[in-house]
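To be precise, the following lines are upload10.txt, and they hold compact mmCIF, C-alpha atoms.
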```txt
# COMPACT_ATOMS: atom_id res chain seq x y z
CA MET Z 1 30.31 -1.71 -42.87
CA HIS Z 2 29.22 -5.39 -42.91
CA ARG Z 3 31.84 -6.18 -40.29
CA TYR Z 4 30.45 -3.37 -38.09
CA ILE Z 5 26.86 -4.66 -38.45
CA PHE Z 6 28.02 -8.21 -37.65
CA ALA Z 7 29.88 -7.01 -34.57
CA LEU Z 8 26.89 -4.99 -33.40
CA GLY Z 9 24.63 -7.98 -33.93
CA SER Z 10 26.96 -10.16 -31.90
CA VAL Z 11 26.94 -7.67 -29.03
CA LEU Z 12 23.14 -7.53 -29.08
CA CYS Z 13 22.87 -11.32 -29.10
CA LEU Z 14 25.28 -11.55 -26.17
CA PHE Z 15 23.32 -8.90 -24.27
CA LEU Z 16 20.03 -10.73 -24.80
CA LEU Z 17 21.58 -14.01 -23.67
CA LEU Z 18 22.89 -12.36 -20.52
CA VAL Z 19 19.49 -10.82 -19.77
CA GLN Z 20 17.78 -14.17 -20.35
CA ALA Z 21 20.29 -15.93 -18.11
CA THR Z 22 19.84 -13.31 -15.40
CA GLN Z 23 16.06 -13.55 -15.53
CA SER Z 24 16.14 -17.36 -15.47
CA ASN Z 25 17.94 -17.38 -12.12
CA PRO Z 26 15.68 -17.03 -9.07
CA PRO Z 27 16.10 -13.53 -7.57
CA GLN Z 28 17.71 -13.25 -4.17
CA ALA Z 29 17.04 -10.88 -1.29
CA ILE Z 30 19.64 -8.50 0.08
CA ASP Z 31 21.63 -9.89 3.00
CA PRO Z 32 20.35 -9.41 5.60
CA PRO Z 33 16.88 -8.99 4.09
CA TYR Z 34 14.77 -6.08 5.27
CA ASN Z 35 12.13 -8.45 6.63
CA ALA Z 36 14.59 -9.49 9.36
CA PHE Z 37 13.96 -6.06 10.88
CA GLU Z 38 10.18 -5.79 10.58
CA ALA Z 39 9.70 -5.24 14.32
CA LEU Z 40 12.11 -2.30 14.24
CA GLN Z 41 10.44 -0.94 11.12
CA GLU Z 42 7.03 -1.13 12.82
CA HIS Z 43 8.37 0.94 15.70
CA ASP Z 44 10.03 3.50 13.41
CA LEU Z 45 7.08 3.90 11.04
CA PHE Z 46 4.66 4.35 13.91
CA HIS Z 47 6.78 7.18 15.31
CA ASP Z 48 7.81 8.74 11.97
CA LEU Z 49 4.33 8.94 10.43
CA PRO Z 50 2.08 11.57 12.06
CA SER Z 51 -1.42 10.68 13.21
CA HIS Z 52 -4.42 12.20 11.46
CA GLN Z 53 -6.98 10.78 13.85
CA LYS Z 54 -9.50 13.17 15.37
CA PHE Z 55 -9.87 13.42 19.15
CA PRO Z 56 -12.39 12.39 20.12
CA PRO Z 57 -12.74 10.10 17.08
CA ASP Z 58 -15.28 11.25 14.50
CA ILE Z 59 -17.38 8.17 13.75
CA ARG Z 60 -20.71 7.42 12.06
CA VAL Z 61 -22.16 3.97 12.85
CA TRP Z 62 -24.14 2.19 10.12
CA PRO Z 63 -27.57 0.70 10.92
CA GLN Z 64 -27.31 -2.87 12.20
CA GLY Z 65 -27.72 -5.49 9.48
CA ILE Z 66 -26.60 -3.18 6.64
CA VAL Z 67 -23.07 -3.56 5.26
CA PRO Z 68 -21.11 -2.43 2.18
CA ASP Z 69 -21.34 -4.81 -0.77
CA VAL Z 70 -17.59 -5.51 -0.72
CA CYS Z 71 -17.72 -6.51 2.95
CA HIS Z 72 -20.59 -8.87 2.12
CA HIS Z 73 -18.46 -10.37 -0.69
CA PHE Z 74 -15.85 -11.20 1.92
CA LEU Z 75 -18.50 -12.96 4.00
CA LYS Z 76 -19.55 -15.13 1.08
CA ASP Z 77 -16.03 -15.81 -0.24
CA GLY Z 78 -14.82 -16.75 3.22
CA ARG Z 79 -17.74 -19.16 3.60
CA ILE Z 80 -18.78 -17.27 6.71
CA THR Z 81 -22.48 -17.61 7.46
CA PRO Z 82 -23.85 -14.10 7.04
CA ASN Z 83 -26.33 -12.67 9.49
CA ALA Z 84 -27.52 -9.27 10.57
CA THR Z 85 -25.60 -9.08 13.84
CA ASN Z 86 -22.07 -10.44 13.33
CA MET Z 87 -20.61 -7.36 11.59
CA GLU Z 88 -20.40 -3.72 12.65
CA VAL Z 89 -19.73 -0.95 10.13
CA ARG Z 90 -18.39 2.51 10.87
CA ASP Z 91 -17.45 5.52 8.77
CA VAL Z 92 -14.33 7.08 10.28
CA TYR Z 93 -13.27 10.67 9.56
CA TYR Z 94 -9.70 11.95 9.74
CA THR Z 95 -8.25 15.45 9.91
CA ASP Z 96 -6.79 15.40 6.39
CA CYS Z 97 -9.97 14.69 4.38
CA ASP Z 98 -13.65 15.62 4.51
CA ALA Z 99 -14.65 12.16 3.22
CA PRO Z 100 -14.80 9.12 5.54
CA TRP Z 101 -13.19 5.67 5.45
CA THR Z 102 -15.46 2.68 5.93
CA ILE Z 103 -14.35 -0.09 8.30
CA CYS Z 104 -16.25 -3.39 8.58
CA ARG Z 105 -15.46 -5.36 11.75
CA TYR Z 106 -16.65 -8.77 12.82
CA LYS Z 107 -17.52 -8.64 16.49
CA ASP Z 108 -15.04 -11.38 17.41
CA SER Z 109 -12.18 -9.99 15.32
CA LEU Z 110 -8.71 -10.21 16.86
CA ILE Z 111 -8.21 -6.57 15.83
CA SER Z 112 -9.87 -3.89 17.93
CA TRP Z 113 -11.67 -0.82 16.60
CA ASN Z 114 -9.10 1.44 18.23
CA LYS Z 115 -6.13 -0.39 16.67
CA ALA Z 116 -7.64 -0.22 13.19
CA MET Z 117 -8.55 3.46 13.44
CA VAL Z 118 -5.13 4.42 14.78
CA ILE Z 119 -3.17 2.51 12.12
CA LEU Z 120 -5.38 3.78 9.28
CA GLY Z 121 -4.90 7.33 10.55
CA LYS Z 122 -1.12 6.90 10.32
CA ILE Z 123 -1.20 5.98 6.62
CA PRO Z 124 -0.33 9.01 4.44
CA VAL Z 125 -3.50 10.43 2.92
CA GLY Z 126 -2.35 10.07 -0.70
CA MET Z 127 -2.10 6.31 -0.15
CA ARG Z 128 -5.13 6.02 2.14
CA GLN Z 129 -7.47 7.84 -0.26
CA HIS Z 130 -7.32 4.91 -2.71
CA VAL Z 131 -8.57 2.44 -0.08
CA ALA Z 132 -12.32 1.85 -0.31
CA HIS Z 133 -12.83 -0.40 2.73
CA VAL Z 134 -10.92 -2.01 5.58
CA ILE Z 135 -12.30 -5.36 6.76
CA LEU Z 136 -11.42 -6.90 10.13
CA ALA Z 137 -12.04 -10.63 9.76
CA PRO Z 138 -13.53 -12.87 12.45
CA GLU Z 139 -11.28 -14.88 14.77
CA SER Z 140 -12.56 -18.18 13.34
CA TYR Z 141 -11.51 -17.18 9.84
CA ALA Z 142 -8.07 -16.07 11.07
CA LYS Z 143 -7.54 -19.43 12.82
CA LYS Z 144 -8.73 -21.38 9.79
CA ASN Z 145 -6.23 -19.50 7.60
CA ARG Z 146 -3.33 -19.53 10.03
CA GLY Z 147 -0.29 -17.74 8.63
CA ILE Z 148 -2.36 -15.46 6.37
CA VAL Z 149 -2.20 -11.93 7.77
CA ALA Z 150 -4.08 -9.93 5.13
CA ALA Z 151 -5.62 -10.08 1.65
CA THR Z 152 -6.47 -7.33 -0.84
CA MET Z 153 -9.25 -7.23 -3.43
CA GLU Z 154 -11.67 -4.67 -4.88
CA ALA Z 155 -9.53 -1.73 -3.65
CA SER Z 156 -10.08 -3.04 -0.11
CA THR Z 157 -7.99 -4.97 2.40
CA ALA Z 158 -9.08 -7.63 4.88
CA PHE Z 159 -6.86 -8.06 7.94
CA LEU Z 160 -7.07 -11.44 9.65
CA SER Z 161 -4.85 -11.85 12.69
CA ALA Z 162 -3.19 -8.43 12.99
CA MET Z 163 -3.16 -4.96 11.49
CA ASP Z 164 0.39 -3.68 11.75
CA ILE Z 165 1.47 -0.55 9.95
CA GLY Z 166 4.10 -2.27 7.77
CA VAL Z 167 1.64 -4.92 6.58
CA ALA Z 168 -0.96 -2.19 5.94
CA VAL Z 169 1.52 -0.26 3.77
CA HIS Z 170 2.36 -3.48 1.87
CA GLU Z 171 -1.31 -4.26 1.20
CA PHE Z 172 -2.24 -0.69 0.33
CA ASN Z 173 0.63 -0.72 -2.17
CA HIS Z 174 -1.34 -3.43 -3.99
CA ILE Z 175 -4.27 -1.02 -4.16
CA LEU Z 176 -2.03 1.75 -5.54
CA ASP Z 177 -0.58 -0.73 -8.02
CA ALA Z 178 -4.04 -1.43 -9.43
CA VAL Z 179 -5.97 1.82 -8.97
CA ILE Z 180 -3.27 4.28 -10.03
CA GLY Z 181 -2.08 1.83 -12.69
CA SER Z 182 -5.57 1.73 -14.17
CA HIS Z 183 -5.41 5.51 -14.70
CA GLN Z 184 -2.17 5.37 -16.68
CA PRO Z 185 -2.27 5.49 -20.51
CA GLN Z 186 -1.46 1.77 -20.77
CA SER Z 187 -4.02 0.90 -18.03
CA LYS Z 188 -2.06 -1.87 -16.37
CA LEU Z 189 -0.53 -2.58 -12.98
CA ILE Z 190 2.32 -0.23 -12.14
CA SER Z 191 4.34 -3.35 -11.32
CA GLU Z 192 3.81 -4.55 -14.92
CA SER Z 193 4.84 -1.25 -16.49
CA PRO Z 194 8.08 -0.82 -18.46
CA GLU Z 195 9.11 1.90 -16.00
CA TRP Z 196 8.92 -0.38 -12.98
CA ASN Z 197 10.62 -3.24 -14.83
CA TRP Z 198 13.46 -0.86 -15.66
CA TYR Z 199 14.06 -0.13 -11.96
CA TYR Z 200 13.77 -3.80 -11.08
CA GLN Z 201 16.29 -4.90 -13.74
CA ARG Z 202 18.87 -2.37 -12.59
CA ASP Z 203 19.21 -4.01 -9.16
CA SER Z 204 21.00 -7.23 -8.33
CA LYS Z 205 18.74 -8.14 -5.39
CA VAL Z 206 15.20 -7.58 -4.08
CA PRO Z 207 14.41 -6.03 -0.67
CA THR Z 208 12.97 -9.04 1.17
CA SER Z 209 12.93 -12.82 1.20
CA TYR Z 210 9.14 -12.58 0.78
CA ALA Z 211 9.64 -10.72 -2.51
CA ALA Z 212 12.27 -13.23 -3.60
CA SER Z 213 10.01 -16.18 -2.77
CA SER Z 214 7.14 -14.68 -4.77
CA LEU Z 215 9.41 -14.49 -7.84
CA SER Z 216 10.84 -18.01 -7.55
CA HIS Z 217 8.28 -19.55 -9.92
CA LYS Z 218 8.32 -19.23 -13.70
CA GLY Z 219 5.96 -16.56 -14.94
CA SER Z 220 5.74 -14.85 -11.55
CA LYS Z 221 4.77 -11.18 -11.58
CA LEU Z 222 6.38 -8.34 -9.68
CA VAL Z 223 3.34 -7.51 -7.54
CA GLU Z 224 4.86 -8.64 -4.21
CA GLU Z 225 8.28 -7.21 -5.05
CA PHE Z 226 6.62 -3.87 -5.85
CA ALA Z 227 4.60 -3.93 -2.61
CA ASP Z 228 7.63 -4.72 -0.46
CA SER Z 229 9.80 -2.17 -2.26
CA GLY Z 230 7.13 0.40 -1.44
CA ARG Z 231 6.95 -0.77 2.16
CA TRP Z 232 10.63 -0.04 2.73
CA ALA Z 233 10.55 3.09 0.59
CA MET Z 234 7.89 4.31 3.03
CA SER Z 235 10.47 4.02 5.83
CA ASN Z 236 12.79 6.18 3.73
CA MET Z 237 10.10 8.80 2.99
CA ALA Z 238 8.64 8.86 6.50
CA ARG Z 239 12.03 9.31 8.16
CA ALA Z 240 12.95 12.21 5.86
CA ARG Z 241 9.70 13.97 6.70
CA SER Z 242 10.01 13.23 10.41
CA LEU Z 243 13.47 14.79 10.49
CA SER Z 244 12.16 17.79 8.56
CA ARG Z 245 9.26 18.30 10.97
CA ASN Z 246 11.61 18.20 13.95
CA LYS Z 247 13.90 20.81 12.40
CA SER Z 248 11.09 23.04 11.18
CA SER Z 249 9.72 23.31 14.71
CA SER Z 250 12.78 25.38 15.66
CA THR Z 251 14.16 26.71 12.37
CA ILE Z 252 12.62 28.80 9.59
CA SER Z 253 14.14 28.67 6.12
CA ARG Z 254 14.65 31.68 3.88
CA ASP Z 255 11.53 30.96 1.86
CA GLY Z 256 9.46 31.29 5.05
CA ASN Z 257 7.93 27.85 4.67
CA GLY Z 258 9.97 26.18 7.37
CA SER Z 259 13.01 23.97 6.99
CA GLY Z 260 10.83 21.01 6.12
CA SER Z 261 9.87 22.38 2.70
CA GLU Z 262 11.02 20.26 -0.23
CA GLY Z 263 14.02 21.71 -2.05
CA SER Z 264 15.38 23.40 1.07
CA PRO Z 265 18.90 22.42 2.21
CA PHE Z 266 17.42 20.90 5.36
CA PHE Z 267 15.04 18.66 3.40
CA LEU Z 268 17.79 17.46 1.07
CA GLN Z 269 20.03 16.78 4.05
CA ASN Z 270 17.24 14.83 5.70
CA ARG Z 271 16.79 12.67 2.60
CA THR Z 272 20.45 11.66 2.94
CA MET Z 273 19.98 10.90 6.63
CA ALA Z 274 16.85 8.88 5.80
CA ALA Z 275 18.86 6.84 3.28
CA ASN Z 276 21.30 6.13 6.08
CA GLN Z 277 18.34 4.80 8.07
CA LEU Z 278 17.86 2.10 5.39
CA ALA Z 279 21.45 1.08 6.04
CA VAL Z 280 20.53 0.58 9.71
CA TYR Z 281 18.11 -2.13 8.60
CA SER Z 282 20.50 -3.70 6.09
CA ALA Z 283 24.06 -2.65 5.22
CA ASN Z 284 23.56 -3.99 1.68
CA TRP Z 285 20.48 -1.89 0.96
CA THR Z 286 22.15 -0.37 -2.12
CA GLU Z 287 21.66 -3.68 -3.94
CA CYS Z 288 17.96 -2.80 -4.20
CA ARG Z 289 18.28 1.00 -4.21
CA ASN Z 290 16.78 1.42 -7.70
CA GLN Z 291 13.56 -0.30 -6.66
CA ILE Z 292 13.24 1.89 -3.58
CA GLY Z 293 14.32 5.04 -5.42
CA GLY Z 294 12.09 4.20 -8.39
CA TYR Z 295 9.08 3.79 -6.12
CA ARG Z 296 9.77 7.23 -4.66
CA LEU Z 297 10.13 8.81 -8.09
CA LEU Z 298 6.87 7.30 -9.32
CA LEU Z 299 4.66 7.70 -6.25
CA GLU Z 300 6.07 9.96 -3.53
CA GLY Z 301 4.32 13.05 -4.89
CA ARG Z 302 0.99 11.19 -4.89
CA ILE Z 303 1.40 9.63 -1.46
CA PHE Z 304 2.32 12.98 0.09
CA PRO Z 305 0.22 15.49 -1.90
CA PRO Z 306 0.96 19.23 -1.62
CA GLY Z 307 -1.07 20.70 1.19
CA GLY Z 308 -1.32 17.36 2.96
CA ARG Z 309 -5.01 16.77 2.18
CA CYS Z 310 -6.83 14.17 0.10
CA THR Z 311 -7.24 14.92 -3.59
CA GLY Z 312 -9.96 12.28 -4.09
CA LYS Z 313 -11.37 9.10 -2.57
CA THR Z 314 -12.34 5.65 -3.80
CA PRO Z 315 -16.00 5.49 -2.71
CA THR Z 316 -17.59 3.00 -0.36
CA SER Z 317 -19.54 0.29 -2.21
CA ASP Z 318 -23.35 0.20 -2.17
CA ALA Z 319 -25.11 -0.87 1.01
CA VAL Z 320 -26.66 -4.35 1.11
CA ASN Z 321 -28.60 -6.47 3.57
CA ALA Z 322 -26.00 -8.42 5.57
CA THR Z 323 -28.05 -11.63 5.48
CA THR Z 324 -29.47 -11.66 1.94
CA GLY Z 325 -27.00 -9.48 0.05
CA GLU Z 326 -29.86 -7.52 -1.52
CA ARG Z 327 -29.35 -3.84 -2.27
CA VAL Z 328 -30.72 -1.39 0.27
CA HIS Z 329 -32.41 0.94 -2.20
CA SER Z 330 -32.59 3.87 0.19
CA MET Z 331 -28.77 3.80 0.43
CA VAL Z 332 -27.81 3.07 -3.21
CA GLY Z 333 -25.01 5.42 -4.22
CA ALA Z 334 -24.60 6.66 -0.66
CA GLY Z 335 -20.81 6.34 -0.82
CA LYS Z 336 -20.59 8.50 -3.92
CA HIS Z 337 -23.13 10.95 -2.50
CA LYS Z 338 -20.97 11.42 0.60
CA LEU Z 339 -18.05 12.43 -1.63
CA ARG Z 340 -20.14 14.86 -3.67
CA SER Z 341 -21.68 16.42 -0.57
CA VAL Z 342 -18.25 17.39 0.80
CA GLY Z 343 -16.65 18.23 -2.55
CA VAL Z 344 -14.12 15.36 -2.62
CA PRO Z 345 -13.55 14.04 -6.16
CA GLU Z 346 -14.41 10.39 -6.75
CA ILE Z 347 -11.56 8.07 -7.69
CA ILE Z 348 -12.95 5.64 -10.26
CA PRO Z 349 -10.73 2.56 -10.85
CA ALA Z 350 -11.06 0.60 -14.08
CA ASP Z 351 -13.20 -2.55 -13.83
CA TRP Z 352 -10.15 -4.82 -14.08
CA ALA Z 353 -8.52 -2.97 -11.16
CA MET Z 354 -11.57 -3.69 -8.99
CA ASN Z 355 -11.74 -7.33 -10.03
CA ILE Z 356 -8.10 -8.21 -9.40
CA ARG Z 357 -7.27 -10.23 -6.29
CA PHE Z 358 -3.72 -10.10 -5.02
CA PRO Z 359 -2.03 -13.08 -3.34
CA PRO Z 360 -2.72 -13.16 0.42
CA TYR Z 361 0.09 -11.91 2.62
CA ASN Z 362 1.53 -15.01 4.25
CA ALA Z 363 3.67 -14.28 7.31
CA SER Z 364 5.04 -17.83 7.35
CA ILE Z 365 6.99 -17.35 4.07
```
Just give me the structure as structure tokens.
Amino acid sequence: MHRYIFALGSVLCLFLLLVQATQSNPPQAIDPPYNAFEALQEHDLFHDLPSHQKFPPDIRVWPQGIVPDVCHHFLKDGRITPNATNMEVRDVYYTDCDAPWTICRYKDSLISWNKAMVILGKIPVGMRQHVAHVILAPESYAKKNRGIVAATMEASTAFLSAMDIGVAVHEFNHILDAVIGSHQPQSKLISESPEWNWYYQRDSKVPTSYAASSLSHKGSKLVEEFADSGRWAMSNMARARSLSRNKSSSTISRDGNGSGSEGSPFFLQNRTMAANQLAVYSANWTECRNQIGGYRLLLEGRIFPPGGRCTGKTPTSDAVNATTGERVHSMVGAGKHKLRSVGVPEIIPADWAMNIRFPPYNASI
């Protein structure tokens, strides 16, 4: 009996030493890393994800000089001189939700209104509904922070030099990480949860060199690895659904719901074909398959809700004077009122989830 306990203890000690040794080595990206094929992914995601934009676009323009509080925070934090005329604000409505999305755009932004509205309308509603604001930064700020593409804070994302669909998915994954994580029993980032760590530890590599670089320092967290795993999992999910839509246009399954319905032979076949699409980007994709598969297991049902419509919305922040930052009392609570008036439940993140600021997305890494 004592010999058995000693042997078991030795095995456990060896296991812990191996884990410690593995974790002490900087993680490596698959070869080739997914980020080597970002241009191809942009093309594929844009064509695989359906648009939910209305035609003509359904837009409500805010009064000049009044902006959401979060957009004003960005002004102050970016040391941009605020005034009543340098920012335009629009509420944009899409076909899959009765509540709007608020976009704040500086008039000299490198990103056009049309580009932002089109890309946002491509984001699956279960991901998009957690985004409170999109901010399109001024050209001067983008030039001053050359290399920085986007930054996420307060359930909102600021885009500096470009708003591509892959970068948007990466940044909105940060919002899911915080907002959905704050609703879990442990109330922590999904990327800090035991479940996510389990998927991460089961793989020998991470999806991108960006994720690997973010983990190269002692004490680094998995926030960028989670966001990039989700970015490439989106390719997997979007392709499966695109294939299903194409088949369902000409074939009806026995259950009468079309061949694109989950659980049908066509849908399961398409998931296999979508996995093969990941191999098109990188032949060694299986070295990070648990991270991509784990993301799908944890979040796919939320990102693509049954019925294809929003199940809630993170509200727009209170309106303030663009120059002074003072509350506009006639519009206090307007964001929440808009949700109540159309019957869309309010998504209420924990305070810590609204206060967290994720590392800026740096395209030069």
Using all atoms listed in the file, pick whichever of Z:Ala36, Z:Cys104, Z:Leu120, Z:Ala240 has the shortest atom-to-atom distance to Z:Pro138.
-> Z:Cys104
Atom pair atom CA of Z:Val332 / atom CA of Z:Asp318: separation (Å) |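 Going from atom CA of Z:Val332 over to atom CA of Z:Asp318 covers 5.4 Å.
Point (-7.6, -4.2, 3.3) has the following residues at most 6 Å away: Val134, Ile135, Thr152, Ser156, Thr157 and Ala158 of chain Z (atoms considered: only C-alpha atoms).
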Pick out the closest residue to Z:Tyr94 from this set: Z:Glu139, Z:Glu38, Z:Asp58, Z:Glu154. Count all atoms listed in the file.
->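 Answer, going by the shortest atom-to-atom distance: Z:Asp58.
Counting only C-alpha atoms, the residue from Z:Tyr93, Z:Tyr34, Z:Trp101, Z:Tyr281 that sits nearest to Z:His52 is Z:Tyr93.
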Nearest-residue call for Z:Glu287, choices Z:Val320, Z:Val206, Z:Ile347, Z:Met117, using all atoms listed in the file = Z:Val206
What lies within 12 Å of Z:Ala39 using all atoms listed in the file, ignoring chain neighbours under 2 positions off, as number ranges by chain?
-> Z: 34-37, 41-46, 164-167, 281
Please dump the current selection as a PDB file, in the frame of the given file; keep C-alpha atoms.
```pdb
ATOM      1  CA  TYR Z  34      14.770  -6.080   5.270  1.00  0.00           C
ATOM      2  CA  ASN Z  35      12.130  -8.450   6.630  1.00  0.00           C
ATOM      3  CA  ALA Z  36      14.590  -9.490   9.360  1.00  0.00           C
ATOM      4  CA  PHE Z  37      13.960  -6.060  10.880  1.00  0.00           C
ATOM      5  CA  GLN Z  41      10.440  -0.940  11.120  1.00  0.00           C
ATOM      6  CA  GLU Z  42       7.030  -1.130  12.820  1.00  0.00           C
ATOM      7  CA  HIS Z  43       8.370   0.940  15.700  1.00  0.00           C
ATOM      8  CA  ASP Z  44      10.030   3.500  13.410  1.00  0.00           C
ATOM      9  CA  LEU Z  45       7.080   3.900  11.040  1.00  0.00           C
ATOM     10  CA  PHE Z  46       4.660   4.350  13.910  1.00  0.00           C
ATOM     11  CA  ASP Z 164       0.390  -3.680  11.750  1.00  0.00           C
ATOM     12  CA  ILE Z 165       1.470  -0.550   9.950  1.00  0.00           C
ATOM     13  CA  GLY Z 166       4.100  -2.270   7.770  1.00  0.00           C
ATOM     14  CA  VAL Z 167       1.640  -4.920   6.580  1.00  0.00           C
ATOM     15  CA  TYR Z 281      18.110  -2.130   8.600  1.00  0.00           C
TER      16      TYR Z 281
END
```
Looking at Z:Phe159, Z:Tyr295, Z:Phe74, Z:Trp62, which one is nearest to Z:Lys115, with distances taken over all atoms listed in the file?
-> Z:Phe159
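If you measure from each of Z:Asn114, Z:Ser216, Z:Gln291, Z:Asn86 to Z:Thr323 using all atoms listed in the file, the closest one turns out to be Z:Asn86.
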Close residues, Z:His217 itself excluded, 12 Å, all atoms listed in the file, min 2 positions apart in chain, as number ranges by chain | Z: 23-27, 211-215, 219-222
If you measure from atom CA of Z:Gly333 to atom CA of Z:Arg60, what distance in Å do you get, rounded to one decimal?
->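 So the answer is 17.0 Å.
Across the structure, atom CA of Z:Pro68 and atom CA of Z:Pro359 are spaced 22.5 Å apart.
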Expected residue set, 12 Å radius at (-11.5, 13.5, 14.8), all atoms listed in the file, as a list in words | Ser51, His52, Gln53, Lys54, Phe55, Pro56, Pro57, Asp58, Ile59, Arg60, Asp91, Val92, Tyr93, Tyr94, Thr95, Asp96, Cys97, Asp98, Pro100, Met117, Val118 and Gly121 of chain Z
Using only C-alpha atoms, which residues sit within 8 Å of Z:Thr314 once same-chain residues fewer than 4 positions away are excluded, as a PyMOL selection string?
-> chain Z and resi 129-132+155+346-349
